[in-house]
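A.B. asks: Below is the file target_9.cif, with mmCIF, C-alpha atoms.
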```cif
data_protein
#
loop_
_atom_site.label_atom_id
_atom_site.label_comp_id
_atom_site.auth_asym_id
_atom_site.auth_seq_id
_atom_site.Cartn_x
_atom_site.Cartn_y
_atom_site.Cartn_z
CA ASP X 1 70.71 17.85 -26.08
CA SER X 2 73.20 19.26 -28.59
CA GLY X 3 71.36 17.91 -31.61
CA VAL X 4 74.33 15.78 -32.69
CA THR X 5 73.36 12.10 -32.71
CA GLN X 6 75.84 9.26 -32.42
CA THR X 7 75.31 5.52 -32.63
CA PRO X 8 76.03 3.10 -31.11
CA LYS X 9 76.41 4.47 -27.59
CA HIS X 10 78.39 1.47 -26.41
CA LEU X 11 80.31 -1.14 -28.33
CA ILE X 12 82.45 -4.05 -27.19
CA THR X 13 84.52 -5.87 -29.76
CA ALA X 14 87.59 -8.07 -30.02
CA THR X 15 91.07 -7.15 -31.16
CA GLY X 16 91.54 -7.35 -34.89
CA GLN X 17 87.91 -6.55 -35.63
CA ARG X 18 86.41 -3.63 -37.52
CA VAL X 19 83.65 -1.28 -36.34
CA THR X 20 81.74 1.63 -37.79
CA LEU X 21 80.58 4.59 -35.74
CA ARG X 22 77.84 6.78 -37.10
CA CYS X 23 77.09 10.46 -36.61
CA SER X 24 74.20 12.69 -37.65
CA PRO X 25 75.10 16.38 -37.35
CA ARG X 26 72.78 19.09 -36.12
CA SER X 27 70.21 20.19 -38.66
CA GLY X 28 71.82 22.69 -41.02
CA ASP X 29 75.41 21.95 -39.99
CA LEU X 30 77.76 21.21 -42.86
CA SER X 31 80.91 20.35 -40.93
CA VAL X 32 81.47 17.14 -39.02
CA TYR X 33 84.44 16.47 -36.76
CA TRP X 34 85.62 13.32 -35.07
CA TYR X 35 87.48 13.33 -31.76
CA GLN X 36 88.91 10.57 -29.62
CA GLN X 37 89.01 10.82 -25.84
CA SER X 38 91.16 8.46 -23.82
CA LEU X 39 92.41 8.68 -20.26
CA ASP X 40 96.03 9.16 -21.22
CA GLN X 41 95.68 11.34 -24.33
CA GLY X 42 92.69 13.47 -23.48
CA LEU X 43 90.40 14.78 -26.20
CA GLN X 44 92.15 14.70 -29.56
CA PHE X 45 91.05 15.82 -32.99
CA LEU X 46 90.95 13.09 -35.61
CA ILE X 47 89.41 14.44 -38.80
CA GLN X 48 87.01 17.02 -40.24
CA TYR X 49 84.64 16.89 -43.18
CA TYR X 50 82.85 19.83 -44.71
CA ASN X 51 79.94 19.23 -47.06
CA GLY X 52 81.24 15.83 -48.04
CA GLU X 53 84.90 16.68 -48.44
CA GLU X 54 87.78 16.09 -46.09
CA ARG X 55 89.06 19.42 -44.76
CA ALA X 56 91.49 18.71 -41.95
CA LYS X 57 93.31 15.76 -40.48
CA GLY X 58 94.66 15.38 -37.01
CA ASN X 59 96.11 12.43 -35.16
CA ILE X 60 94.15 9.81 -37.05
CA LEU X 61 95.72 6.39 -37.47
CA GLU X 62 95.95 4.81 -40.92
CA ARG X 63 93.71 2.01 -39.63
CA PHE X 64 90.97 4.59 -39.18
CA SER X 65 88.99 6.24 -41.95
CA ALA X 66 85.96 8.43 -42.21
CA GLN X 67 83.56 9.79 -44.76
CA GLN X 68 80.66 12.19 -44.98
CA PHE X 69 77.70 11.25 -47.12
CA PRO X 70 75.48 13.47 -49.30
CA ASP X 71 72.89 13.65 -46.51
CA LEU X 72 75.75 14.99 -44.32
CA HIS X 73 75.85 12.12 -41.87
CA SER X 74 79.30 10.75 -41.23
CA GLU X 75 80.85 7.42 -40.40
CA LEU X 76 84.14 6.65 -38.70
CA ASN X 77 85.56 3.25 -39.56
CA LEU X 78 88.04 1.66 -37.18
CA SER X 79 89.81 -1.49 -38.37
CA SER X 80 92.36 -3.97 -37.06
CA LEU X 81 91.37 -2.85 -33.61
CA GLU X 82 93.88 -2.91 -30.78
CA LEU X 83 93.38 -2.71 -27.05
CA GLY X 84 94.69 0.86 -27.11
CA ASP X 85 91.84 1.94 -29.36
CA SER X 86 89.44 1.65 -26.44
CA ALA X 87 88.15 5.17 -25.93
CA LEU X 88 85.21 7.51 -26.24
CA TYR X 89 84.73 8.68 -29.80
CA PHE X 90 82.93 11.96 -30.23
CA CYS X 91 81.39 13.51 -33.24
CA ALA X 92 80.88 17.27 -33.38
CA SER X 93 79.30 19.55 -35.91
CA SER X 94 79.20 23.20 -36.87
CA VAL X 95 77.47 25.30 -39.47
CA ASP X 96 80.51 26.40 -41.40
CA ASN X 97 84.06 25.52 -42.15
CA GLY X 98 86.03 27.89 -40.04
CA SER X 99 84.68 31.28 -39.21
CA GLY X 100 82.11 30.16 -36.69
CA ASN X 101 82.67 29.58 -33.02
CA THR X 102 79.91 27.19 -32.10
CA ILE X 103 80.95 23.59 -32.32
CA TYR X 104 78.58 21.12 -30.70
CA PHE X 105 79.46 17.62 -29.55
CA GLY X 106 77.39 14.48 -29.48
CA GLU X 107 77.18 12.14 -26.51
CA GLY X 108 79.89 9.86 -27.85
CA SER X 109 80.35 6.22 -28.71
CA TRP X 110 82.11 4.24 -26.02
CA LEU X 111 84.34 1.62 -27.64
CA THR X 112 85.85 -1.19 -25.62
CA VAL X 113 88.30 -3.53 -27.34
CA VAL X 114 88.91 -6.80 -25.51
CA GLN G 1 105.16 21.29 -23.93
CA LYS G 2 101.49 20.82 -24.72
CA GLU G 3 99.80 23.59 -26.66
CA VAL G 4 97.06 23.96 -24.06
CA GLU G 5 97.61 23.08 -20.41
CA GLN G 6 95.27 22.84 -17.46
CA ASP G 7 95.68 21.77 -13.86
CA PRO G 8 93.81 18.45 -13.65
CA GLY G 9 92.50 19.18 -10.13
CA PRO G 10 90.28 18.18 -8.51
CA LEU G 11 89.29 21.65 -7.44
CA SER G 12 86.92 21.40 -4.50
CA VAL G 13 84.81 24.37 -3.42
CA PRO G 14 81.78 24.86 -1.14
CA GLU G 15 78.43 25.63 -2.72
CA GLY G 16 78.05 29.33 -3.45
CA ALA G 17 81.77 29.98 -3.83
CA ILE G 18 83.44 31.32 -6.95
CA VAL G 19 85.16 28.70 -9.06
CA SER G 20 88.29 29.98 -10.78
CA LEU G 21 89.74 27.93 -13.62
CA ASN G 22 92.85 28.66 -15.61
CA CYS G 23 94.38 27.47 -18.80
CA THR G 24 97.69 28.38 -20.44
CA TYR G 25 98.51 28.22 -24.12
CA SER G 26 101.78 28.27 -25.95
CA ASN G 27 101.00 29.70 -29.39
CA SER G 28 100.06 33.36 -29.69
CA ALA G 29 98.64 32.98 -33.17
CA PHE G 30 95.29 31.68 -32.00
CA GLN G 31 92.34 34.01 -31.93
CA TYR G 32 89.53 32.07 -30.34
CA PHE G 33 89.24 30.09 -27.18
CA MET G 34 86.41 27.94 -25.91
CA TRP G 35 85.32 26.54 -22.59
CA TYR G 36 83.45 23.27 -22.47
CA ARG G 37 81.86 21.47 -19.55
CA GLN G 38 81.87 17.69 -19.56
CA TYR G 39 79.97 15.47 -17.18
CA SER G 40 81.28 11.97 -16.66
CA ARG G 41 81.08 9.94 -19.88
CA LYS G 42 79.00 12.61 -21.60
CA GLY G 43 79.76 14.82 -24.54
CA PRO G 44 81.50 18.18 -23.99
CA GLU G 45 78.98 21.02 -23.74
CA LEU G 46 79.98 24.42 -25.10
CA LEU G 47 79.82 27.04 -22.34
CA MET G 48 81.53 30.06 -23.83
CA TYR G 49 83.95 31.24 -26.44
CA THR G 50 86.18 34.29 -26.31
CA TYR G 51 88.42 36.19 -28.64
CA SER G 52 92.11 36.61 -27.97
CA SER G 53 91.51 39.78 -26.03
CA GLY G 54 88.83 40.91 -23.64
CA ASN G 55 86.28 39.45 -21.30
CA LYS G 56 82.93 37.87 -21.87
CA GLU G 57 80.13 37.31 -19.40
CA ASP G 58 77.17 34.98 -19.69
CA GLY G 59 75.01 34.53 -16.62
CA ARG G 60 77.13 33.04 -13.85
CA PHE G 61 80.07 32.47 -16.19
CA THR G 62 82.84 34.92 -17.08
CA ALA G 63 85.65 34.11 -19.48
CA GLN G 64 88.84 36.15 -19.70
CA VAL G 65 91.87 36.09 -21.95
CA ASP G 66 95.18 37.58 -20.85
CA LYS G 67 97.37 37.70 -23.92
CA SER G 68 100.45 38.98 -22.13
CA SER G 69 100.65 35.94 -19.88
CA LYS G 70 98.87 33.57 -22.33
CA TYR G 71 96.27 32.78 -19.72
CA ILE G 72 92.63 31.91 -20.28
CA SER G 73 90.35 31.98 -17.27
CA LEU G 74 86.81 30.91 -16.50
CA PHE G 75 85.00 32.08 -13.40
CA ILE G 76 81.79 30.52 -12.15
CA ARG G 77 79.88 32.60 -9.62
CA ASP G 78 77.45 31.20 -7.07
CA SER G 79 78.60 27.67 -7.79
CA GLN G 80 76.09 24.84 -7.48
CA PRO G 81 76.57 21.10 -6.98
CA SER G 82 75.34 20.70 -10.55
CA ASP G 83 78.47 22.57 -11.66
CA SER G 84 80.55 19.57 -10.59
CA ALA G 85 82.12 18.40 -13.82
CA THR G 86 85.31 18.54 -15.83
CA TYR G 87 85.98 21.85 -17.52
CA LEU G 88 87.93 21.82 -20.75
CA CYS G 89 89.50 24.80 -22.40
CA ALA G 90 90.26 24.69 -26.11
CA LYS G 91 91.83 26.91 -28.70
CA LYS G 92 90.48 27.10 -32.21
CA ALA G 93 92.70 26.88 -35.25
CA ALA G 94 91.73 27.57 -38.83
CA GLY G 95 88.93 25.34 -40.02
CA ASN G 96 87.53 24.91 -36.54
CA LYS G 97 90.06 22.34 -35.39
CA LEU G 98 90.04 22.46 -31.60
CA THR G 99 93.05 21.69 -29.42
CA PHE G 100 91.95 20.83 -25.89
CA GLY G 101 93.62 21.03 -22.56
CA GLY G 102 93.48 17.98 -20.32
CA GLY G 103 90.58 19.38 -18.31
CA THR G 104 90.13 20.41 -14.69
CA ARG G 105 87.80 18.41 -12.49
CA VAL G 106 85.62 20.58 -10.26
CA LEU G 107 83.71 19.40 -7.20
CA VAL G 108 81.14 21.71 -5.64
CA LYS G 109 80.18 20.45 -2.21
CA PRO G 110 76.72 21.18 -0.79
#
```
Spit out the file's structure as structure tokens when you get a sec.
C.D. replies:
Amino acid sequence: DSGVTQTPKHLITATGQRVTLRCSPRSGDLSVYWYQQSLDQGLQFLIQYYNGEERAKGNILERFSAQQFPDLHSELNLSSLELGDSALYFCASSVDNGSGNTIYFGEGSWLTVV
Amino acid sequence: QKEVEQDPGPLSVPEGAIVSLNCTYSNSAFQYFMWYRQYSRKGPELLMYTYSSGNKEDGRFTAQVDKSSKYISLFIRDSQPSDSATYLCAKKAAGNKLTFGGGTRVLVKP
């Protein structure tokens, strides 16, 4: 158990809908990262937050957004869902913003868009 | 060309053999590399991280970085069936952004 908690574990929704994925980082970790894993694209970085502020952006679609709250949990919002958004979405956390080397992943949220 | 490349496998070995995994990268600026193990539909589990030069050993695992050939290697000694998983290498950019290879699937047969 990495200590990173993600909910829900599985989600099935229809095209055009909106979903919210939630992540609680490990105790004491200030950074939260979101990754998407699909069969064709592999594991790809989406976005990073550090202590409530956005720090880095990767291949995140405009239909997707995220935020980190004062209690450090994070949410990833996916809207206008398309079939191609079906993937495993992982949250990861680390203590600091860049100098550390230990980044721990949660178990993921499996999103299926039908 | 992808920044981090791995042979997708599967790599099949008998129990007790040494598993040898390789990863190539295309940008010499990176300093840190990680190896993660991922079981099917589970989250990646951090195994080891290494700097851009040198070796690191942790139990049955040894990670190496060869800067001249831009190779990152992971060796698993005395492999067990429980080592059957996908192994992902990643390089770390500033701010902890990780760029992953596609992963190599390993099968350890009893």
A.B. asks: Output the residue selection produced by the PyMOL selection byres ((chain X) within 9 of (chain G)) on the file above, formatted as a compact mmCIF listing (two decimals) with C-alpha atoms, keeping the file's coordinate frame.
C.D. replies:
```
# COMPACT_ATOMS: atom_id res chain seq x y z
CA SER X 2 73.20 19.26 -28.59
CA TYR X 33 84.44 16.47 -36.76
CA GLN X 41 95.68 11.34 -24.33
CA GLY X 42 92.69 13.47 -23.48
CA LEU X 43 90.40 14.78 -26.20
CA GLN X 44 92.15 14.70 -29.56
CA PHE X 45 91.05 15.82 -32.99
CA ILE X 47 89.41 14.44 -38.80
CA GLN X 48 87.01 17.02 -40.24
CA ARG X 55 89.06 19.42 -44.76
CA ALA X 56 91.49 18.71 -41.95
CA LYS X 57 93.31 15.76 -40.48
CA GLY X 58 94.66 15.38 -37.01
CA LEU X 88 85.21 7.51 -26.24
CA PHE X 90 82.93 11.96 -30.23
CA CYS X 91 81.39 13.51 -33.24
CA SER X 94 79.20 23.20 -36.87
CA ASP X 96 80.51 26.40 -41.40
CA ASN X 97 84.06 25.52 -42.15
CA GLY X 98 86.03 27.89 -40.04
CA SER X 99 84.68 31.28 -39.21
CA GLY X 100 82.11 30.16 -36.69
CA ASN X 101 82.67 29.58 -33.02
CA THR X 102 79.91 27.19 -32.10
CA ILE X 103 80.95 23.59 -32.32
CA TYR X 104 78.58 21.12 -30.70
CA PHE X 105 79.46 17.62 -29.55
CA GLY X 106 77.39 14.48 -29.48
CA GLU X 107 77.18 12.14 -26.51
CA GLY X 108 79.89 9.86 -27.85
CA TRP X 110 82.11 4.24 -26.02
```
A.B. asks: Taking (77.6, 28.4, -11.2) in the coordinates of the supplied file, I want to know which residues reach to within 9 Å of it, counting only C-alpha atoms; could you give the answer as an MDAnalysis selection string?
C.D. replies: chainID G and resid 15:19 59:61 75:83
A.B. asks: As a check of understanding, name the residues that the PyMOL selection byres ((chain X and resi 86) around 7) selects in the supplied structure, as a PyMOL selection string.
C.D. replies: chain X and resi 83-85+87+111-113
A.B. asks: On this structure, which residues satisfy the PyMOL selection byres ((chain X and resi 76) around 8), written as a PyMOL selection string?
C.D. replies: chain X and resi 20-22+34+64-67+74-75+77-78
A.B. asks: Could you write out the selected residues, including C-alpha atoms, as an mmCIF file, in the frame of the given file?
C.D. replies:
```cif
data_model
loop_
_atom_site.group_PDB
_atom_site.id
_atom_site.type_symbol
_atom_site.label_atom_id
_atom_site.label_comp_id
_atom_site.auth_asym_id
_atom_site.auth_seq_id
_atom_site.Cartn_x
_atom_site.Cartn_y
_atom_site.Cartn_z
ATOM 1 C CA THR X 20 81.740 1.630 -37.790
ATOM 2 C CA LEU X 21 80.580 4.590 -35.740
ATOM 3 C CA ARG X 22 77.840 6.780 -37.100
ATOM 4 C CA TRP X 34 85.620 13.320 -35.070
ATOM 5 C CA PHE X 64 90.970 4.590 -39.180
ATOM 6 C CA SER X 65 88.990 6.240 -41.950
ATOM 7 C CA ALA X 66 85.960 8.430 -42.210
ATOM 8 C CA GLN X 67 83.560 9.790 -44.760
ATOM 9 C CA SER X 74 79.300 10.750 -41.230
ATOM 10 C CA GLU X 75 80.850 7.420 -40.400
ATOM 11 C CA ASN X 77 85.560 3.250 -39.560
ATOM 12 C CA LEU X 78 88.040 1.660 -37.180
#
```
A.B. asks: Counting only C-alpha atoms, figure out which residue out of X:Asp1, X:Glu54, X:Asp40, X:Glu62 gets nearest to Arg26 (chain X).
C.D. replies: X:Asp1
A.B. asks: One decimal, in Å: what's the spacing between CA of Gln37 (chain X) and CA of Ala14 (chain X)?
C.D. replies: 19.4 Å
A.B. asks: Fewer than 4 positions away in the same chain doesn't count, so skip those; otherwise give me all residues within 8 Å of Ala85 (chain G), counting all atoms listed in the file, as a list of chain:residue names.
C.D. replies: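 Within the cut-off, the hits are G:Arg37, G:Gln38, G:Tyr39, G:Ser40, G:Arg105, G:Val106, G:Leu107.
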A.B. asks: Find the residues near Asp66 (chain G): any atom within 9 Å, counting all atoms listed in the file, skip ones fewer than 6 places away on the same chain, and give them as a VMD selection string.
C.D. replies: chain G and resid 52 to 54 72 to 73
A.B. asks: Could you please determine the separation between CA of Arg63 (chain X) and CA of Ser79 (chain X) in Å, to one decimal place?
C.D. replies: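 The value is 5.4 Å.
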A.B. asks: Between CA of Glu53 (chain X) and CA of Asn27 (chain G), measure the distance and give it in Å to one decimal.
C.D. replies: 28.1 Å
A.B. asks: Please return the centre and edge lengths, in Å to one decimal, of a box with edges along x, y and z that contains all listed atoms of region 17-21 of chain X, widened by 4 Å on every side, as AutoDock Vina command-line options.
C.D. replies:
```
--center_x 84.2 --center_y -1.0 --center_z -36.7 --size_x 15.3 --size_y 19.1 --size_z 10.2
```
A.B. asks: Return the single residue from G:Gln31, G:Leu74, G:Val4, G:Tyr25 that is closest to Asp58 (chain G), with distances computed using only C-alpha atoms.
C.D. replies: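 Ranking G:Gln31, G:Leu74, G:Val4, G:Tyr25 by distance to Asp58 (chain G), first place goes to G:Leu74.
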A.B. asks: Out of X:Asn51, X:Ser93, X:Ser31, X:Thr15, which residue has the shortest atom-to-atom distance to Gly3 (chain X) when counting all atoms listed in the file?
C.D. replies: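 With all atoms listed in the file as the atom set, the closest residue is X:Ser93.
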